[in-house]
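Reproduced below: query.cif, with mmCIF, C-alpha atoms.
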data_target
loop_
_atom_site.group_PDB
_atom_site.id
_atom_site.type_symbol
_atom_site.label_atom_id
_atom_site.label_comp_id
_atom_site.auth_asym_id
_atom_site.auth_seq_id
_atom_site.Cartn_x
_atom_site.Cartn_y
_atom_site.Cartn_z
ATOM 1 C CA MET A 1 104.322 95.150 126.184
ATOM 2 C CA SER A 2 107.443 94.179 124.283
ATOM 3 C CA ILE A 3 109.279 97.093 122.701
ATOM 4 C CA SER A 4 109.302 95.632 119.192
ATOM 5 C CA TYR A 5 105.548 94.901 119.313
ATOM 6 C CA TRP A 6 104.832 98.389 120.639
ATOM 7 C CA ARG A 7 106.942 100.057 117.944
ATOM 8 C CA MET A 8 105.092 98.181 115.196
ATOM 9 C CA LYS A 9 101.596 98.580 116.679
ATOM 10 C CA ASP A 10 100.328 100.656 113.733
ATOM 11 C CA ARG A 11 101.195 97.809 111.383
ATOM 12 C CA TYR A 12 99.167 95.394 113.487
ATOM 13 C CA TYR A 13 96.339 97.696 114.556
ATOM 14 C CA ARG A 14 95.731 99.789 111.448
ATOM 15 C CA LEU A 15 97.193 97.813 108.509
ATOM 16 C CA MET A 16 99.800 100.533 108.083
ATOM 17 C CA GLY A 17 101.841 100.067 104.941
ATOM 18 C CA SER A 18 103.764 102.470 102.755
ATOM 19 C CA MET A 19 103.439 104.303 99.464
ATOM 20 C CA CYS A 20 106.141 105.468 97.088
ATOM 21 C CA LYS A 21 105.784 109.205 96.498
ATOM 22 C CA ALA A 22 107.627 108.884 93.182
ATOM 23 C CA CYS A 23 105.520 106.238 91.412
ATOM 24 C CA GLY A 24 102.514 105.702 93.704
ATOM 25 C CA ALA A 25 103.174 101.995 94.379
ATOM 26 C CA GLU A 26 101.736 100.727 97.681
ATOM 27 C CA PHE A 27 103.245 98.053 99.921
ATOM 28 C CA PHE A 28 102.397 95.965 102.971
ATOM 29 C CA PRO A 29 104.321 95.410 105.111
ATOM 30 C CA PRO A 30 106.008 98.819 104.850
ATOM 31 C CA VAL A 31 109.188 99.170 102.813
ATOM 32 C CA TYR A 32 111.996 101.696 102.985
ATOM 33 C CA LYS A 33 112.812 101.560 99.285
ATOM 34 C CA CYS A 34 110.321 101.199 96.449
ATOM 35 C CA LYS A 35 110.378 97.758 94.837
ATOM 36 C CA ARG A 36 109.068 99.224 91.576
ATOM 37 C CA CYS A 37 111.249 102.313 90.977
ATOM 38 C CA ASN A 38 113.920 102.111 93.742
ATOM 39 C CA SER A 39 112.957 105.519 95.152
ATOM 40 C CA GLU A 40 113.557 106.108 98.840
ATOM 41 C CA ASP A 41 110.844 108.790 98.970
ATOM 42 C CA ILE A 42 108.401 106.633 100.929
ATOM 43 C CA ALA A 43 105.446 107.667 103.114
ATOM 44 C CA ASP A 44 103.280 105.742 105.554
ATOM 45 C CA LYS A 45 99.906 104.770 104.137
ATOM 46 C CA GLU A 46 97.004 103.021 105.814
ATOM 47 C CA MET A 47 95.835 100.144 103.668
ATOM 48 C CA PRO A 48 92.163 99.678 102.769
ATOM 49 C CA LYS A 49 90.180 97.422 105.097
ATOM 50 C CA ASN A 50 88.282 95.584 102.336
ATOM 51 C CA GLY A 51 89.467 92.969 99.880
ATOM 52 C CA LYS A 52 88.843 89.532 98.386
ATOM 53 C CA ILE A 53 90.276 86.122 99.160
ATOM 54 C CA LEU A 54 92.843 85.155 96.550
ATOM 55 C CA THR A 55 93.618 81.741 98.044
ATOM 56 C CA HIS A 56 93.163 80.062 101.421
ATOM 57 C CA THR A 57 94.105 77.080 103.547
ATOM 58 C CA THR A 58 93.143 75.582 106.889
ATOM 59 C CA LEU A 59 95.743 74.481 109.438
ATOM 60 C CA HIS A 60 94.869 71.559 111.690
ATOM 61 C CA GLU A 61 98.276 71.346 113.379
ATOM 62 C CA ILE A 62 98.667 74.612 115.232
ATOM 63 C CA MET A 63 101.843 76.246 116.493
ATOM 64 C CA GLU A 64 102.328 76.714 120.219
ATOM 65 C CA GLY A 65 100.275 79.543 121.652
ATOM 66 C CA PHE A 66 97.460 79.254 119.107
ATOM 67 C CA GLU A 67 95.921 75.941 120.170
ATOM 68 C CA ASP A 68 92.540 77.559 120.896
ATOM 69 C CA GLU A 69 92.371 78.723 117.251
ATOM 70 C CA GLU A 70 92.252 75.205 115.774
ATOM 71 C CA PRO A 71 91.343 74.841 112.983
ATOM 72 C CA LEU A 72 93.117 78.004 111.813
ATOM 73 C CA ALA A 73 91.856 79.462 108.529
ATOM 74 C CA LEU A 74 94.461 81.571 106.704
ATOM 75 C CA ALA A 75 94.104 83.414 103.426
ATOM 76 C CA ILE A 76 96.034 85.609 101.063
ATOM 77 C CA ILE A 77 93.803 88.606 100.551
ATOM 78 C CA THR A 78 93.988 91.101 97.724
ATOM 79 C CA LEU A 79 93.036 94.434 99.260
ATOM 80 C CA ASP A 80 91.026 96.967 97.274
ATOM 81 C CA ASN A 81 94.272 98.734 96.284
ATOM 82 C CA GLY A 82 95.797 95.509 94.863
ATOM 83 C CA VAL A 83 98.194 94.884 97.767
ATOM 84 C CA LYS A 84 98.247 91.272 98.986
ATOM 85 C CA VAL A 85 98.294 90.430 102.694
ATOM 86 C CA LEU A 86 98.220 87.220 104.707
ATOM 87 C CA GLY A 87 95.514 87.095 107.338
ATOM 88 C CA GLN A 88 93.407 84.842 109.488
ATOM 89 C CA ILE A 89 89.748 84.432 108.556
ATOM 90 C CA VAL A 90 87.501 84.403 111.641
ATOM 91 C CA ASP A 91 83.792 84.070 112.463
ATOM 92 C CA THR A 92 83.286 81.606 109.596
ATOM 93 C CA GLN A 93 83.638 77.838 109.453
ATOM 94 C CA PRO A 94 86.695 76.995 107.304
ATOM 95 C CA ASP A 95 84.634 74.842 104.921
ATOM 96 C CA ARG A 96 82.501 77.912 104.096
ATOM 97 C CA ILE A 97 85.464 80.018 102.926
ATOM 98 C CA GLN A 98 85.872 80.297 99.162
ATOM 99 C CA THR A 99 88.250 81.990 96.776
ATOM 100 C CA GLY A 100 86.757 85.338 95.756
ATOM 101 C CA ASP A 101 84.833 85.882 98.997
ATOM 102 C CA PRO A 102 84.787 89.566 100.011
ATOM 103 C CA VAL A 103 86.354 90.249 103.412
ATOM 104 C CA LYS A 104 87.137 93.176 105.685
ATOM 105 C CA ALA A 105 89.818 93.692 108.305
ATOM 106 C CA VAL A 106 88.755 93.705 111.939
ATOM 107 C CA PHE A 107 90.653 94.395 115.161
ATOM 108 C CA ARG A 108 90.913 91.303 117.384
ATOM 109 C CA ARG A 109 92.967 89.636 120.082
ATOM 110 C CA VAL A 110 95.744 87.633 118.455
ATOM 111 C CA ARG A 111 97.144 85.862 121.491
ATOM 112 C CA ILE A 112 98.059 86.109 125.164
ATOM 113 C CA ASN A 113 101.687 85.790 126.213
ATOM 114 C CA LYS A 114 101.695 82.951 128.757
ATOM 115 C CA GLU A 115 104.835 84.273 130.480
ATOM 116 C CA ASN A 116 103.658 87.789 131.324
ATOM 117 C CA GLY A 117 99.934 87.835 130.479
ATOM 118 C CA GLN A 118 100.373 90.491 127.806
ATOM 119 C CA ILE A 119 97.455 90.512 125.374
ATOM 120 C CA MET A 120 98.495 91.133 121.773
ATOM 121 C CA TYR A 121 95.964 92.538 119.337
ATOM 122 C CA GLY A 122 96.035 92.816 115.598
ATOM 123 C CA TYR A 123 94.082 92.508 112.401
ATOM 124 C CA LYS A 124 92.108 89.502 111.242
ATOM 125 C CA PHE A 125 89.503 89.265 108.464
ATOM 126 C CA VAL A 126 85.793 88.454 108.390
ATOM 127 C CA LYS A 127 83.626 87.637 105.390
ATOM 128 C CA ILE A 128 81.223 90.410 104.381
#
In structure tokens, what does this structure look like?
Amino acid sequence: MSISYWRMKDRYYRLMGSMCKACGAEFFPPVYKCKRCNSEDIADKEMPKNGKILTHTTLHEIMEGFEDEEPLALAIITLDNGVKVLGQIVDTQPDRIQTGDPVKAVFRRVRINKENGQIMYGYKFVKI
């Protein structure tokens, strides 16, 4: 497993973000300095798994390594705490995805490295 992927596994596996201890603002991906109050008193915080689709799109021209995902449905999701994340929508036909649909994060295989066979896992979203 690559070192950088391994070091960031919590971000991929558990939707680990951060929270400012000074003002309570939450962020994903994690930050080292609060974007709201500039405090550096930041703690790790697991983001909620549920949210709603804010906007979405479907990709029909897929980047290398993701050919078996075509068509690829992506959405910006507003989590229950108001934080926005980009994620893939799975287990639903793209034409059945609508703005406002409730979703939840699930743990899935993201891709397989063709050079070394390493399987990379991460979060994706399913409609609920």
(Q) If the PyMOL selection byres ((chain A and resi 51) around 12) were run on this exact file, what residues would it hold? Put them as a PyMOL selection string. (A) chain A and resi 47-50+52-54+75-87+99-105+125-128
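We find atom CA of A:Val106 and atom CA of A:Leu74 to be spaced 14.4 Å apart.
The spacing separating atom CA of A:Val31 from atom CA of A:Ile62 amounts to 29.5 Å.
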Which residues match the PyMOL selection byres ((chain A and resi 29) around 8) in the file above, as a PDB file with C-alpha atoms, in the coordinates of the input?
ATOM      1  CA  ARG A  11     101.195  97.809 111.383  1.00  0.00           C
ATOM      2  CA  MET A  16      99.800 100.533 108.083  1.00  0.00           C
ATOM      3  CA  GLY A  17     101.841 100.067 104.941  1.00  0.00           C
ATOM      4  CA  SER A  18     103.764 102.470 102.755  1.00  0.00           C
ATOM      5  CA  PHE A  27     103.245  98.053  99.921  1.00  0.00           C
ATOM      6  CA  PHE A  28     102.397  95.965 102.971  1.00  0.00           C
ATOM      7  CA  PRO A  30     106.008  98.819 104.850  1.00  0.00           C
ATOM      8  CA  VAL A  31     109.188  99.170 102.813  1.00  0.00           C
TER       9      VAL A  31
END
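Between atom CA of A:Gly117 and atom CA of A:Glu69 the separation is 17.8 Å.
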Q. Which of these residues is nearest to A:Ile42, using only C-alpha atoms: A:Gln118, A:Ala22, A:Gln88, A:Pro94?
A.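 Closest candidate: A:Ala22.
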